[in-house]
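Data block for target-v7.cif (mmCIF, C-alpha atoms and all ligand atoms):
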data_final
loop_
_atom_site.label_atom_id
_atom_site.label_comp_id
_atom_site.auth_asym_id
_atom_site.auth_seq_id
_atom_site.Cartn_x
_atom_site.Cartn_y
_atom_site.Cartn_z
CA MET Y 10 0.00 0.00 0.00
CA THR Y 11 1.46 3.36 -0.97
CA ASN Y 12 1.59 6.33 1.36
CA SER Y 13 -1.02 8.28 -0.58
CA LYS Y 14 -3.48 5.40 -0.26
CA THR Y 15 -2.90 5.22 3.45
CA THR Y 16 -3.30 8.98 3.81
CA LEU Y 17 -6.49 9.14 1.79
CA SER Y 18 -8.00 6.28 3.76
CA LYS Y 19 -7.15 8.10 6.96
CA LEU Y 20 -8.72 11.26 5.60
CA LEU Y 21 -11.90 9.40 4.77
CA ALA Y 22 -12.10 7.55 8.06
CA GLU Y 23 -14.60 8.56 10.72
CA SER Y 24 -12.53 9.85 13.58
CA ASN Y 25 -11.65 13.00 15.50
CA PHE Y 26 -14.76 14.86 14.49
CA SER Y 27 -16.24 17.82 16.29
CA GLN Y 28 -19.13 17.12 18.64
CA GLU Y 29 -21.45 18.94 16.24
CA CYS Y 30 -20.37 16.74 13.36
CA LYS Y 31 -20.67 13.55 15.41
CA GLU Y 32 -24.20 14.46 16.43
CA LEU Y 33 -25.14 15.26 12.87
CA LEU Y 34 -23.65 12.00 11.62
CA SER Y 35 -25.78 10.09 14.12
CA TYR Y 36 -29.03 11.10 12.48
CA LEU Y 37 -28.28 12.06 8.86
CA PRO Y 38 -29.36 9.61 6.13
CA LYS Y 39 -26.40 7.44 5.18
CA ASP Y 40 -25.54 5.18 2.31
CA ARG Y 41 -22.87 2.49 1.99
CA SER Y 42 -20.11 3.82 -0.18
CA PHE Y 43 -16.80 3.09 -1.84
CA PHE Y 44 -15.30 6.43 -0.91
CA ALA Y 45 -15.61 5.94 2.83
CA GLU Y 46 -17.58 3.40 4.81
CA TYR Y 47 -20.63 5.64 4.50
CA LEU Y 48 -21.63 8.80 2.70
CA TYR Y 49 -23.98 11.12 4.60
CA GLN Y 50 -26.72 13.22 3.07
CA TYR Y 51 -26.61 16.80 4.26
CA GLN Y 52 -28.78 19.55 2.75
CA GLY Y 53 -29.55 17.27 -0.18
CA PHE Y 54 -25.99 16.24 -1.10
CA TRP Y 55 -23.72 13.33 -0.14
CA TYR Y 56 -20.39 13.55 1.67
CA PRO Y 57 -17.83 11.34 3.33
CA PRO Y 58 -17.66 12.40 7.00
CA ASN Y 59 -14.36 14.25 6.75
CA LEU Y 60 -15.65 16.46 3.95
CA LEU Y 61 -18.90 17.04 5.78
CA GLU Y 62 -16.90 18.28 8.72
CA GLY Y 63 -15.09 20.67 6.34
CA VAL Y 64 -18.39 21.91 4.93
CA LEU Y 65 -19.76 22.56 8.43
CA TYR Y 66 -16.56 24.34 9.42
CA SER Y 67 -16.62 26.58 6.36
CA GLN Y 68 -20.32 27.34 6.86
CA LYS Y 69 -19.47 28.53 10.34
CA HIS Y 70 -16.15 30.27 9.85
CA PHE Y 71 -15.56 31.28 6.24
CA GLN Y 72 -15.93 35.03 5.87
CA ALA Y 73 -16.05 36.03 2.23
CA ARG Y 74 -14.79 39.44 1.15
CA ASP Y 75 -16.32 41.38 -1.72
CA SER Y 76 -13.11 40.99 -3.70
CA ASP Y 77 -12.91 37.19 -3.26
CA ILE Y 78 -13.04 34.81 -6.20
CA ILE Y 79 -14.61 31.39 -5.61
CA LEU Y 80 -14.05 28.61 -8.14
CA VAL Y 81 -16.66 25.87 -7.94
CA SER Y 82 -16.97 22.47 -9.57
CA SER Y 83 -18.02 18.90 -9.00
CA PRO Y 84 -15.01 16.66 -8.43
CA LYS Y 85 -13.13 15.72 -11.62
CA SER Y 86 -14.70 18.44 -13.73
CA GLY Y 87 -11.62 20.54 -14.42
CA THR Y 88 -11.01 22.10 -11.01
CA THR Y 89 -7.22 21.89 -11.23
CA TRP Y 90 -7.14 23.53 -14.66
CA LEU Y 91 -9.57 26.29 -13.67
CA LYS Y 92 -7.47 27.05 -10.59
CA ALA Y 93 -4.33 27.37 -12.70
CA LEU Y 94 -5.98 29.52 -15.36
CA VAL Y 95 -7.66 31.92 -12.94
CA PHE Y 96 -4.57 32.19 -10.74
CA ALA Y 97 -2.36 32.95 -13.75
CA SER Y 98 -4.88 35.41 -15.26
CA VAL Y 99 -5.71 37.36 -12.12
CA TYR Y 100 -2.11 37.68 -10.89
CA ARG Y 101 -0.58 38.25 -14.34
CA GLN Y 102 0.82 41.67 -13.37
CA GLU Y 103 2.71 40.18 -10.43
CA PHE Y 104 4.18 37.34 -12.46
CA GLN Y 105 4.95 38.84 -15.82
CA THR Y 106 7.17 36.15 -17.19
CA PRO Y 107 4.87 33.19 -16.81
CA LEU Y 108 6.94 30.64 -18.66
CA GLU Y 109 10.13 31.23 -16.70
CA SER Y 110 9.52 32.02 -13.05
CA HIS Y 111 5.87 31.52 -12.32
CA PRO Y 112 4.57 30.04 -9.02
CA LEU Y 113 2.68 27.44 -11.06
CA LEU Y 114 6.01 25.98 -12.10
CA ASP Y 115 6.85 24.98 -8.52
CA ASN Y 116 3.42 24.65 -6.95
CA ASN Y 117 0.47 22.44 -7.74
CA PRO Y 118 -2.63 24.59 -8.46
CA HIS Y 119 -4.33 23.08 -5.39
CA SER Y 120 -1.56 24.48 -3.19
CA LEU Y 121 -2.04 27.97 -4.61
CA VAL Y 122 -5.84 27.99 -4.54
CA PRO Y 123 -7.10 26.21 -1.41
CA PHE Y 124 -10.46 24.51 -0.96
CA ILE Y 125 -12.57 26.36 1.57
CA GLU Y 126 -13.78 23.07 3.04
CA ALA Y 127 -10.19 22.00 3.69
CA PHE Y 128 -9.82 24.12 6.87
CA ASN Y 129 -6.81 26.15 5.67
CA PHE Y 130 -8.58 29.16 4.16
CA HIS Y 131 -7.36 31.39 7.02
CA THR Y 132 -3.85 31.37 5.58
CA GLN Y 133 -4.81 32.92 2.24
CA ASP Y 134 -3.56 36.51 2.27
CA THR Y 135 -3.23 37.43 -1.40
CA PHE Y 136 -5.28 40.15 -3.06
CA PRO Y 137 -7.70 39.22 -4.37
CA ARG Y 138 -8.10 35.97 -2.51
CA ILE Y 139 -8.88 33.02 -4.76
CA PHE Y 140 -10.55 29.94 -3.26
CA SER Y 141 -12.17 26.87 -4.63
CA THR Y 142 -14.87 24.56 -3.41
CA HIS Y 143 -17.06 21.62 -4.39
CA ILE Y 144 -19.83 22.78 -2.04
CA PRO Y 145 -23.29 22.85 -3.69
CA LEU Y 146 -24.98 26.23 -4.13
CA GLY Y 147 -27.49 25.84 -1.32
CA SER Y 148 -24.81 24.89 1.22
CA LEU Y 149 -22.29 27.66 0.48
CA PRO Y 150 -21.31 29.71 3.52
CA GLU Y 151 -23.77 32.59 3.93
CA SER Y 152 -21.04 35.19 3.50
CA ILE Y 153 -20.39 33.98 -0.05
CA LYS Y 154 -24.05 34.48 -0.89
CA LYS Y 155 -24.29 37.87 0.82
CA SER Y 156 -21.02 39.46 -0.27
CA SER Y 157 -20.23 40.70 -3.77
CA CYS Y 158 -17.60 38.03 -4.29
CA LYS Y 159 -17.65 36.30 -7.67
CA VAL Y 160 -18.23 32.65 -8.39
CA VAL Y 161 -17.01 30.72 -11.45
CA TYR Y 162 -18.53 27.27 -11.93
CA CYS Y 163 -16.92 24.67 -14.18
CA CYS Y 164 -19.12 21.82 -15.38
CA ARG Y 165 -18.17 18.64 -17.22
CA ASN Y 166 -20.28 16.02 -18.94
CA PRO Y 167 -21.31 13.34 -16.43
CA LYS Y 168 -19.76 10.36 -18.23
CA ASP Y 169 -16.29 11.90 -18.49
CA ALA Y 170 -16.51 13.21 -14.93
CA PHE Y 171 -17.55 9.75 -13.71
CA VAL Y 172 -14.73 8.01 -15.59
CA SER Y 173 -12.23 10.55 -14.29
CA LEU Y 174 -13.48 9.90 -10.75
CA TRP Y 175 -13.29 6.16 -11.30
CA HIS Y 176 -9.62 6.34 -12.31
CA PHE Y 177 -8.83 8.78 -9.50
CA MET Y 178 -10.47 6.55 -6.89
CA LYS Y 179 -9.07 3.36 -8.38
CA ASP Y 180 -5.54 4.67 -8.28
CA LEU Y 181 -5.83 6.24 -4.87
CA VAL Y 182 -8.13 4.17 -2.72
CA LEU Y 183 -10.29 1.51 -4.26
CA LYS Y 184 -7.61 -1.13 -4.44
CA GLU Y 185 -7.61 -1.39 -0.69
CA MET Y 186 -11.37 -1.17 -0.32
CA VAL Y 187 -14.01 -3.86 -0.43
CA GLY Y 188 -14.23 -4.97 -4.08
CA CYS Y 189 -16.05 -2.16 -5.80
CA THR Y 190 -16.97 -2.85 -9.38
CA MET Y 191 -17.56 -0.16 -11.93
CA GLU Y 192 -21.19 -1.30 -12.16
CA GLN Y 193 -21.65 -0.63 -8.44
CA MET Y 194 -19.98 2.74 -8.68
CA VAL Y 195 -22.17 3.75 -11.66
CA LYS Y 196 -25.25 2.75 -9.65
CA GLY Y 197 -24.16 4.90 -6.72
CA PHE Y 198 -23.32 7.80 -9.03
CA CYS Y 199 -26.72 7.59 -10.75
CA ARG Y 200 -28.68 7.53 -7.52
CA GLY Y 201 -26.73 10.59 -6.43
CA SER Y 202 -24.68 8.84 -3.79
CA SER Y 203 -21.27 10.05 -4.86
CA VAL Y 204 -18.89 12.60 -3.32
CA TYR Y 205 -20.78 15.95 -3.48
CA GLY Y 206 -23.50 14.22 -5.54
CA PRO Y 207 -26.07 14.20 -7.06
CA PHE Y 208 -23.73 15.37 -9.81
CA TRP Y 209 -26.61 16.69 -11.97
CA ASP Y 210 -28.32 18.71 -9.21
CA HIS Y 211 -24.97 20.31 -8.37
CA ALA Y 212 -24.50 21.63 -11.91
CA LEU Y 213 -28.15 22.53 -12.48
CA GLU Y 214 -28.39 24.67 -9.37
CA TYR Y 215 -25.32 26.72 -10.32
CA TRP Y 216 -26.47 26.97 -13.95
CA LYS Y 217 -29.83 28.41 -12.86
CA GLU Y 218 -28.09 30.82 -10.53
CA SER Y 219 -25.80 31.96 -13.37
CA LEU Y 220 -28.90 32.89 -15.39
CA GLU Y 221 -30.67 34.58 -12.51
CA ASN Y 222 -27.63 36.30 -11.11
CA PRO Y 223 -25.14 36.68 -13.98
CA LYS Y 224 -23.00 39.23 -12.18
CA LYS Y 225 -22.44 36.76 -9.35
CA VAL Y 226 -22.07 33.38 -11.05
CA PHE Y 227 -20.31 32.59 -14.32
CA PHE Y 228 -20.92 29.12 -15.73
CA VAL Y 229 -18.45 27.43 -18.06
CA LYS Y 230 -18.21 23.95 -19.53
CA TYR Y 231 -14.89 22.07 -19.42
CA GLU Y 232 -15.42 20.92 -23.00
CA ASP Y 233 -15.93 24.48 -24.28
CA MET Y 234 -12.74 25.52 -22.53
CA ARG Y 235 -10.87 22.60 -24.08
CA GLU Y 236 -12.06 23.62 -27.54
CA LYS Y 237 -11.47 27.36 -27.27
CA PRO Y 238 -9.42 28.12 -24.17
CA GLU Y 239 -8.53 31.68 -25.27
CA ASP Y 240 -12.19 32.70 -25.64
CA TRP Y 241 -13.20 31.29 -22.29
CA VAL Y 242 -10.24 32.55 -20.33
CA MET Y 243 -10.93 36.03 -21.73
CA ARG Y 244 -14.59 35.77 -20.75
CA ILE Y 245 -13.78 34.53 -17.25
CA ALA Y 246 -11.21 37.30 -16.78
CA GLU Y 247 -13.73 39.90 -17.95
CA PHE Y 248 -16.38 38.53 -15.58
CA LEU Y 249 -13.91 38.75 -12.70
CA GLY Y 250 -12.97 42.32 -13.56
CA TYR Y 251 -9.49 41.43 -14.87
CA SER Y 252 -10.07 41.80 -18.63
CA PHE Y 253 -7.14 41.26 -20.94
CA THR Y 254 -6.28 44.37 -22.95
CA GLU Y 255 -5.75 44.24 -26.71
CA ARG Y 256 -2.13 45.04 -26.11
CA GLU Y 257 -1.71 42.10 -23.75
CA ILE Y 258 -3.29 39.84 -26.30
CA GLU Y 259 -1.00 41.17 -29.06
CA ASN Y 260 1.97 40.64 -26.75
CA GLY Y 261 1.03 37.00 -26.24
CA VAL Y 262 0.16 37.26 -22.53
CA LEU Y 263 -3.05 35.28 -22.92
CA GLU Y 264 -1.35 32.70 -25.11
CA ASP Y 265 1.45 32.28 -22.55
CA ILE Y 266 -1.09 31.70 -19.78
CA ILE Y 267 -2.90 29.04 -21.82
CA LYS Y 268 0.42 27.31 -22.53
CA LEU Y 269 1.57 27.55 -18.93
CA CYS Y 270 -1.68 26.00 -17.66
CA SER Y 271 -2.02 23.33 -20.33
CA LEU Y 272 -2.30 19.71 -19.25
CA GLU Y 273 0.81 18.94 -21.28
CA ASN Y 274 2.85 21.59 -19.49
CA LEU Y 275 1.57 21.18 -15.93
CA SER Y 276 1.67 17.39 -15.95
CA LYS Y 277 5.35 17.26 -16.87
CA LEU Y 278 6.50 19.57 -14.07
CA GLU Y 279 8.41 17.93 -11.25
CA VAL Y 280 5.96 19.28 -8.64
CA ASN Y 281 3.10 17.56 -10.46
CA LYS Y 282 4.95 14.32 -11.13
CA VAL Y 283 6.35 13.49 -7.72
CA GLY Y 284 4.91 16.17 -5.43
CA LYS Y 285 2.38 15.77 -2.65
CA LEU Y 286 -0.31 18.08 -1.30
CA MET Y 287 -0.42 19.02 2.38
CA ASN Y 288 -2.94 16.23 2.97
CA GLY Y 289 -0.51 13.71 1.50
CA MET Y 290 -2.25 13.18 -1.84
CA GLU Y 291 0.04 12.71 -4.81
CA THR Y 292 -0.23 15.64 -7.21
CA LYS Y 293 0.06 13.40 -10.26
CA ALA Y 294 -3.41 12.03 -9.48
CA PHE Y 295 -4.92 15.27 -10.80
CA PHE Y 296 -3.52 14.92 -14.31
CA ARG Y 297 -4.58 12.17 -16.67
CA LYS Y 298 -5.85 12.51 -20.24
CA GLY Y 299 -8.26 15.44 -20.13
CA GLU Y 300 -10.15 14.05 -23.09
CA ILE Y 301 -13.59 14.93 -24.33
CA ARG Y 302 -15.65 11.73 -24.65
CA GLY Y 303 -12.70 9.78 -23.22
CA TRP Y 304 -15.38 7.76 -21.36
CA LYS Y 305 -15.72 5.59 -24.47
CA ASP Y 306 -12.50 3.75 -23.54
CA THR Y 307 -13.75 2.87 -20.06
CA LEU Y 308 -17.55 2.61 -19.92
CA THR Y 309 -19.43 -0.27 -21.49
CA PRO Y 310 -22.40 0.79 -23.66
CA LEU Y 311 -24.75 -0.45 -20.93
CA LEU Y 312 -23.15 1.65 -18.22
CA ALA Y 313 -22.99 4.68 -20.51
CA GLU Y 314 -26.71 4.21 -21.17
CA GLU Y 315 -27.43 4.07 -17.46
CA ILE Y 316 -25.73 7.43 -16.94
CA ASP Y 317 -27.46 8.87 -20.04
CA LYS Y 318 -30.86 7.79 -18.73
CA THR Y 319 -30.20 9.51 -15.41
CA THR Y 320 -29.08 12.64 -17.27
CA GLU Y 321 -32.28 12.59 -19.33
CA GLN Y 322 -34.45 12.28 -16.23
CA LYS Y 323 -32.58 14.97 -14.36
CA LEU Y 324 -32.93 17.44 -17.24
CA ILE Y 325 -36.68 17.06 -17.65
CA GLY Y 326 -38.12 20.57 -17.62
CA SER Y 327 -34.72 22.24 -17.93
CA ALA Y 328 -33.20 23.96 -20.94
CA PHE Y 329 -29.73 23.01 -19.73
CA ARG Y 330 -27.72 20.48 -21.73
CA PHE Y 331 -24.42 18.86 -20.76
CA PHE Y 332 -21.86 18.55 -23.51
CA CYS Y 333 -22.32 15.12 -25.07
P1 LIG I 1 -9.33 13.00 -16.87
O1 LIG I 1 -9.30 12.10 -15.69
O2 LIG I 1 -10.51 12.76 -17.76
O3 LIG I 1 -8.07 12.99 -17.64
P2 LIG I 1 -10.25 17.91 -11.34
O4 LIG I 1 -9.17 18.89 -11.55
O5 LIG I 1 -11.60 18.53 -11.12
O6 LIG I 1 -9.89 16.88 -10.34
O7 LIG I 1 -10.44 17.17 -12.74
C1 LIG I 1 -9.45 16.29 -13.20
C2 LIG I 1 -9.59 16.17 -14.70
O8 LIG I 1 -9.11 17.35 -15.31
C3 LIG I 1 -8.76 15.01 -15.23
O9 LIG I 1 -9.49 14.51 -16.35
C4 LIG I 1 -7.48 15.72 -15.64
O10 LIG I 1 -6.72 15.02 -16.59
C5 LIG I 1 -8.02 17.03 -16.19
N1 LIG I 1 -7.03 18.10 -16.11
C6 LIG I 1 -6.14 18.35 -15.12
N2 LIG I 1 -5.37 19.40 -15.42
C7 LIG I 1 -5.78 19.84 -16.63
C8 LIG I 1 -5.34 20.90 -17.50
N3 LIG I 1 -4.32 21.67 -17.16
N4 LIG I 1 -5.99 21.06 -18.66
C9 LIG I 1 -7.01 20.26 -19.01
N5 LIG I 1 -7.46 19.24 -18.26
C10 LIG I 1 -6.85 19.02 -17.07
#
Show the structure stored in the file as structure tokens.
Amino acid sequence: MTNSKTTLSKLLAESNFSQECKELLSYLPKDRSFFAEYLYQYQGFWYPPNLLEGVLYSQKHFQARDSDIILVSSPKSGTTWLKALVFASVYRQEFQTPLESHPLLDNNPHSLVPFIEAFNFHTQDTFPRIFSTHIPLGSLPESIKKSSCKVVYCCRNPKDAFVSLWHFMKDLVLKEMVGCTMEQMVKGFCRGSSVYGPFWDHALEYWKESLENPKKVFFVKYEDMREKPEDWVMRIAEFLGYSFTEREIENGVLEDIIKLCSLENLSKLEVNKVGKLMNGMETKAFFRKGEIRGWKDTLTPLLAEEIDKTTEQKLIGSAFRFFC
């Protein structure tokens, strides 16, 4: 068993929780899971106990500032990439030579942009502060909703996000856990019982909010960013109030940022090949293929159909469409 597997198992284990969390765990609906022994349903979404504790902590203690930027996604939907792109775009004046001496060359994006449910948000002292989270809209800390901070949501098609999660879990934890088959994991995913699931509700809620409150929430699809990264990075920067000027574009600043943050570039950096995050997770786990419709290599037609059927049901009455 490798260290990262041991660490992740420890992280997912039910121990050392606050009294409040323990009490909550004793009566919340729970479901057997492959991520931890149980996932718990809190405010409509499912969490392993350690993440639930983080959500509760952030609900209580996270104080958003008007200038904050919050990057949101479901797991395996492009979080790492979005963190890199927004970090590099927003701080581009500070780090003007991105390809030579940029913090992203020595730091994994997750170390530069912390998750608010990971307890270490107090240490962020940059301006503006950039955070990320997987917390669903309805469970965000009140101060995020009330302040003028901006939210960028990145969504990915459910089959690719599922397959990405499958590989991530398989490499990191599943090998040591009670024989989980892909069929079982698809079933859990489709009934919503997946980390921060239901996946569909998560995306739909943020999508609706982006329509109702476009100055607050910007919604982007991973696949659109893959196809036209320049367009989307410019739109995100504009939304955040950090528009690229024509001169910057002519001078290749935007192009440099896209190159710096590309999967090809980030995944070959030492820090992302052999590095570890503060929680012990290996940074290489966040970089794989980044393909659109890569699910075809992993999902059988039957399992793909099962996810498609769930998607169809979830979208009844909604104009939203995932990339497919
Ligand atoms: P795959 O597993 O399909 O390859 P997250 O960052 O939310 O955990 O999502 C991980 C997914 O994003 C993985 O997808 C990973 O390869 C992809 N990814 C990571 N860094 C990326 C980058 N710089 N550009 C594009 N995709 C990236």
Problem - Point (-8.9, 27.9, -6.7), cut-off 7 Å, counting all atoms listed in the file, residues as a list in words - result: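 Using all atoms listed in the file, the matching residues come out as Ile79, Leu80, Lys92, His119, Val122, Pro123, Phe124, Ile139, Phe140 and Ser141 of chain Y.
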Could you write out that same residue set with C-alpha atoms as a compact mmCIF listing (two decimals), in the frame of the given file?
# COMPACT_ATOMS: atom_id res chain seq x y z
CA ILE Y 79 -14.61 31.39 -5.61
CA LEU Y 80 -14.05 28.61 -8.14
CA LYS Y 92 -7.47 27.05 -10.59
CA HIS Y 119 -4.33 23.08 -5.39
CA VAL Y 122 -5.84 27.99 -4.54
CA PRO Y 123 -7.10 26.21 -1.41
CA PHE Y 124 -10.46 24.51 -0.96
CA ILE Y 139 -8.88 33.02 -4.76
CA PHE Y 140 -10.55 29.94 -3.26
CA SER Y 141 -12.17 26.87 -4.63
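Here the question is which of Y:Phe332, Y:Phe208, Y:Tyr231, Y:Phe296 gets nearest to Ser83 (chain Y) using all atoms listed in the file, and that residue is Y:Phe208.
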Handout entry: Neighbour list for Lys282 (chain Y) as a ChimeraX atom specification, cut-off 12 Å, only C-alpha atoms, skip fewer than 5 positions in-chain
Key = /Y:114-117,273-277,290-297
Problem - d(CA of Leu94 (chain Y), CA of Cys270 (chain Y)) in Å - result: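 Value for the CA of Leu94 (chain Y)-CA of Cys270 (chain Y) distance: 6.0 Å.
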Handout entry: Surrounding residues as a list in words, ligand LIG 1 (chain I), max 7 Å, all atoms listed in the file
Key = Ser82, Ser83, Pro84, Lys85, Ser86, Gly87, Thr88, Thr89, Trp90, Asp169, Ala170, Val172, Ser173, Leu174, His176, Arg235, Cys270, Ser271, Leu272, Leu275, Phe295, Phe296, Arg297, Lys298, Gly299, Glu300 and Gly303 of chain Y
Problem - Residues within 12 Å of Tyr36 (chain Y), only C-alpha atoms, excluding chain neighbours under 6 positions, as a list in words - result: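 Here the qualifying residues turn out to be Glu29, Cys30, Tyr49, Gln50 and Tyr51 of chain Y.
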So which residues are close to (-9.4, 20.3, 5.4), meaning at most 12 Å away in the file's coordinates with only C-alpha atoms counted, and can you show them as a CSV table (one decimal) with C-alpha atoms, keeping the file's coordinate frame?
chain,number,residue,atom,x,y,z
Y,20,LEU,CA,-8.7,11.3,5.6
Y,21,LEU,CA,-11.9,9.4,4.8
Y,26,PHE,CA,-14.8,14.9,14.5
Y,58,PRO,CA,-17.7,12.4,7.0
Y,59,ASN,CA,-14.4,14.2,6.8
Y,60,LEU,CA,-15.6,16.5,4.0
Y,61,LEU,CA,-18.9,17.0,5.8
Y,62,GLU,CA,-16.9,18.3,8.7
Y,63,GLY,CA,-15.1,20.7,6.3
Y,64,VAL,CA,-18.4,21.9,4.9
Y,65,LEU,CA,-19.8,22.6,8.4
Y,66,TYR,CA,-16.6,24.3,9.4
Y,67,SER,CA,-16.6,26.6,6.4
Y,123,PRO,CA,-7.1,26.2,-1.4
Y,124,PHE,CA,-10.5,24.5,-1.0
Y,125,ILE,CA,-12.6,26.4,1.6
Y,126,GLU,CA,-13.8,23.1,3.0
Y,127,ALA,CA,-10.2,22.0,3.7
Y,128,PHE,CA,-9.8,24.1,6.9
Y,129,ASN,CA,-6.8,26.2,5.7
Y,130,PHE,CA,-8.6,29.2,4.2
Y,131,HIS,CA,-7.4,31.4,7.0
Y,142,THR,CA,-14.9,24.6,-3.4
Y,286,LEU,CA,-0.3,18.1,-1.3
Y,287,MET,CA,-0.4,19.0,2.4
Y,288,ASN,CA,-2.9,16.2,3.0
Y,289,GLY,CA,-0.5,13.7,1.5
Fill in the blank from the handout: Restricting to only C-alpha atoms, whichever of Y:Ser203, Y:Trp304, Y:Leu269, Y:Thr132 is closest to Ser110 (chain Y) is Y:Leu269
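Relative to CA of Lys285 (chain Y), CA of Pro112 (chain Y) is found at 15.8 Å.
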Handout entry: Interatomic distance, CA of Asp40 (chain Y) to CA of Cys199 (chain Y) (Å, one decimal)
Key = 13.3 Å
Pull the closest atom pair for each residue of region 131-182 of chain Y that gets at most 10 Å from region 214-223 of chain Y, along with the distance in Å to one decimal, counting all atoms listed in the file, ordering rows by chain and then ascending residue number, as CSV.
residue,atom,partner,partner_atom,distance
Y:Pro145,CA,Y:Glu214,CA,7.8
Y:Leu146,CA,Y:Tyr215,CA,6.2
Y:Gly147,CA,Y:Glu214,CA,8.2
Y:Lys159,CA,Y:Pro223,CA,9.8
Y:Val160,CA,Y:Ser219,CA,9.1
Y:Val161,CA,Y:Ser219,CA,9.1
Y:Tyr162,CA,Y:Tyr215,CA,7.0
Y:Cys163,CA,Y:Tyr215,CA,9.5
Y:Cys164,CA,Y:Trp216,CA,9.1
Keeping C-alpha atoms, export the residues of the selection given above as a short mmCIF file (atom, residue, chain, number, x, y, z; two decimals), in the coordinates of the input.
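Produced file again_35.cif, reproduced below:
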data_model
loop_
_atom_site.label_atom_id
_atom_site.label_comp_id
_atom_site.auth_asym_id
_atom_site.auth_seq_id
_atom_site.Cartn_x
_atom_site.Cartn_y
_atom_site.Cartn_z
CA PRO Y 145 -23.29 22.85 -3.69
CA LEU Y 146 -24.98 26.23 -4.13
CA GLY Y 147 -27.49 25.84 -1.32
CA LYS Y 159 -17.65 36.30 -7.67
CA VAL Y 160 -18.23 32.65 -8.39
CA VAL Y 161 -17.01 30.72 -11.45
CA TYR Y 162 -18.53 27.27 -11.93
CA CYS Y 163 -16.92 24.67 -14.18
CA CYS Y 164 -19.12 21.82 -15.38
#
Problem - Nearest-residue call for Ala93 (chain Y), choices Y:Ile78, Y:Val229, Y:Ile325, Y:Leu121, using all atoms listed in the file - result: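 Of the candidates, the smallest distance to Ala93 (chain Y) is held by Y:Leu121.
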Handout entry: Pick from Y:Leu48, Y:Ala328, Y:Leu91, Y:Ile153, whichever lies nearest to Phe71 (chain Y) using all atoms listed in the file
Key =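 The closest residue to Phe71 (chain Y) is Y:Ile153.
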Handout entry: Of the listed residues Y:Gln52, Y:Asn260, Y:Ser120, Y:Ser98, that which approaches His211 (chain Y) most closely, counting all atoms listed in the file
Key =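 Once distances to His211 (chain Y) are computed over all atoms listed in the file, the minimum belongs to Y:Gln52.
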Problem - Long-range neighbours of Glu151 (chain Y) as a PyMOL selection string, 10 Å cut-off, all atoms listed in the file, 4 positions minimum in chain - result: chain Y and resi 67-73+147+155-156
